[in-house]
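Notes for the one structure printed next.
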Amino acid sequence: MWRLRGDAALIAGVIALDVGTALTTGGDAERPLLPAGLALIVTSAVALWFRYAYPYPVLVVTASTALVYYPLGFPDTPVALTLVIALYTVARDRGPRPAIGAAVALVLAFALLNGPGELA
């Protein structure tokens, strides 16, 4: 019961943080947050609900949303927070090797999508 409440609070908190940040810093964004950016934020956060039962698929969903969200020019938000939480869950439940492999793959994917100059 506590895990369900904790997960619901986590999801609500992540969505509130992401949307609040997007609304306060969205003036410089190339694209408006609504509706596609908000859908990505909500998808990524709601995926966390399933992280204990399906840590790898949740990692894929959160990584995919971050890989789509940032390059499309939506308002800057901490949407990658869900990715970090999913990566932590994989490391905790499955060990450091898969988490390190996923982290390396994500750095490479972000570099390919954003160009090598974006990481510096």
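Naming scheme: A, B, ... for chains in displayed order of the structure tokens; residues 1 onward per chain; ligands 1 onward as shown.
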### Query
region 28-37 of chain A: which residues within 12 Å, counting only C-alpha atoms, same-chain residues fewer than 2 positions away excluded, as a list of chain:residue names?
A:Ile15, A:Asp18, A:Val19, A:Gly20, A:Thr21, A:Ala22, A:Leu23, A:Thr24, A:Thr25, A:Gly26, A:Ala39, A:Leu40, A:Ile41, A:Val42, A:Thr43, A:Ser44, A:Thr65, A:Ala66, A:Val68, A:Tyr69, A:Tyr70, A:Pro71, A:Leu72, A:Gly73, A:Phe74, A:Pro75, A:Asp76, A:Thr77, A:Val79
Grab the residues selected above and save them as a CSV table (one decimal), in the first residue's frame with N, CA and C atoms.
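Saved as out.csv:
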```csv
chain,number,residue,atom,x,y,z
A,15,ILE,N,5.6,15.2,-12.6
A,15,ILE,CA,4.8,16.0,-13.6
A,15,ILE,C,4.7,17.4,-13.2
A,18,ASP,N,8.1,19.1,-13.8
A,18,ASP,CA,8.3,19.3,-15.3
A,18,ASP,C,7.4,20.4,-15.9
A,19,VAL,N,6.2,20.3,-15.6
A,19,VAL,CA,5.2,21.3,-16.1
A,19,VAL,C,5.5,22.7,-15.6
A,20,GLY,N,5.8,22.8,-14.3
A,20,GLY,CA,6.1,24.1,-13.7
A,20,GLY,C,7.3,24.7,-14.2
A,21,THR,N,8.3,23.9,-14.4
A,21,THR,CA,9.6,24.4,-15.0
A,21,THR,C,9.3,24.8,-16.5
A,22,ALA,N,8.6,24.0,-17.2
A,22,ALA,CA,8.3,24.4,-18.6
A,22,ALA,C,7.5,25.7,-18.7
A,23,LEU,N,6.6,25.9,-17.8
A,23,LEU,CA,5.8,27.1,-17.9
A,23,LEU,C,6.6,28.3,-17.5
A,24,THR,N,7.5,28.2,-16.6
A,24,THR,CA,8.3,29.3,-16.1
A,24,THR,C,9.5,29.6,-17.0
A,25,THR,N,10.0,28.7,-17.8
A,25,THR,CA,11.2,28.9,-18.6
A,25,THR,C,10.9,28.7,-20.1
A,26,GLY,N,9.6,28.5,-20.5
A,26,GLY,CA,9.3,28.2,-21.8
A,26,GLY,C,9.3,29.3,-22.8
A,39,ALA,N,2.3,15.6,-23.4
A,39,ALA,CA,2.1,14.1,-23.6
A,39,ALA,C,3.3,13.3,-23.3
A,40,LEU,N,4.5,13.8,-23.7
A,40,LEU,CA,5.7,13.1,-23.5
A,40,LEU,C,6.1,13.2,-22.0
A,41,ILE,N,5.9,14.3,-21.3
A,41,ILE,CA,6.1,14.4,-19.9
A,41,ILE,C,5.3,13.4,-19.1
A,42,VAL,N,4.0,13.4,-19.4
A,42,VAL,CA,3.1,12.5,-18.7
A,42,VAL,C,3.4,11.0,-19.0
A,43,THR,N,3.7,10.7,-20.2
A,43,THR,CA,4.0,9.3,-20.6
A,43,THR,C,5.2,8.9,-19.8
A,44,SER,N,6.2,9.7,-19.8
A,44,SER,CA,7.5,9.3,-19.1
A,44,SER,C,7.2,9.2,-17.6
A,65,THR,N,11.3,8.9,-24.4
A,65,THR,CA,10.6,10.2,-24.3
A,65,THR,C,11.7,11.3,-24.2
A,66,ALA,N,12.7,11.1,-23.4
A,66,ALA,CA,13.8,12.1,-23.3
A,66,ALA,C,14.5,12.3,-24.7
A,68,VAL,N,13.3,12.0,-27.5
A,68,VAL,CA,12.4,12.7,-28.4
A,68,VAL,C,12.1,14.2,-27.9
A,69,TYR,N,11.9,14.3,-26.7
A,69,TYR,CA,11.6,15.6,-26.1
A,69,TYR,C,12.6,16.7,-26.3
A,70,TYR,N,13.8,16.4,-26.0
A,70,TYR,CA,14.9,17.5,-26.0
A,70,TYR,C,15.2,17.9,-27.4
A,71,PRO,N,15.5,17.0,-28.4
A,71,PRO,CA,15.8,17.5,-29.7
A,71,PRO,C,14.7,18.3,-30.5
A,72,LEU,N,13.5,18.1,-30.1
A,72,LEU,CA,12.4,18.7,-30.7
A,72,LEU,C,12.2,20.2,-30.3
A,73,GLY,N,12.9,20.6,-29.3
A,73,GLY,CA,12.9,22.0,-28.9
A,73,GLY,C,11.7,22.4,-28.0
A,74,PHE,N,11.2,21.5,-27.3
A,74,PHE,CA,10.2,21.9,-26.3
A,74,PHE,C,10.9,22.7,-25.1
A,75,PRO,N,10.1,23.3,-24.3
A,75,PRO,CA,10.7,24.1,-23.2
A,75,PRO,C,11.5,23.2,-22.3
A,76,ASP,N,12.6,23.8,-21.9
A,76,ASP,CA,13.6,23.0,-21.1
A,76,ASP,C,13.0,22.6,-19.8
A,77,THR,N,13.0,21.3,-19.5
A,77,THR,CA,12.4,20.8,-18.3
A,77,THR,C,13.3,19.7,-17.8
A,79,VAL,N,12.7,16.6,-17.7
A,79,VAL,CA,12.0,15.4,-18.1
A,79,VAL,C,13.0,14.2,-18.0
```
**Message:** Please extract the residues of chain A with a backbone DSSP assignment of alpha helix (DSSP H) and present them as a count of residues only.
**Reply:** 85
Closest of A:Ala86, A:Leu67, A:Arg94, A:Arg5 to Leu112 (chain A) - atom-to-atom distances counting only C-alpha atoms: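 Closest residue, counting only C-alpha atoms: A:Leu67.
Considering only C-alpha atoms, the residue among A:Ile11, A:Asn114, A:Leu106, A:Pro96 positioned nearest to Leu48 (chain A) is A:Ile11.
Among the candidates A:Ala47, A:Leu38, A:Leu81, A:Val107, the one nearest to Ala8 (chain A) when counting only C-alpha atoms is A:Ala47.
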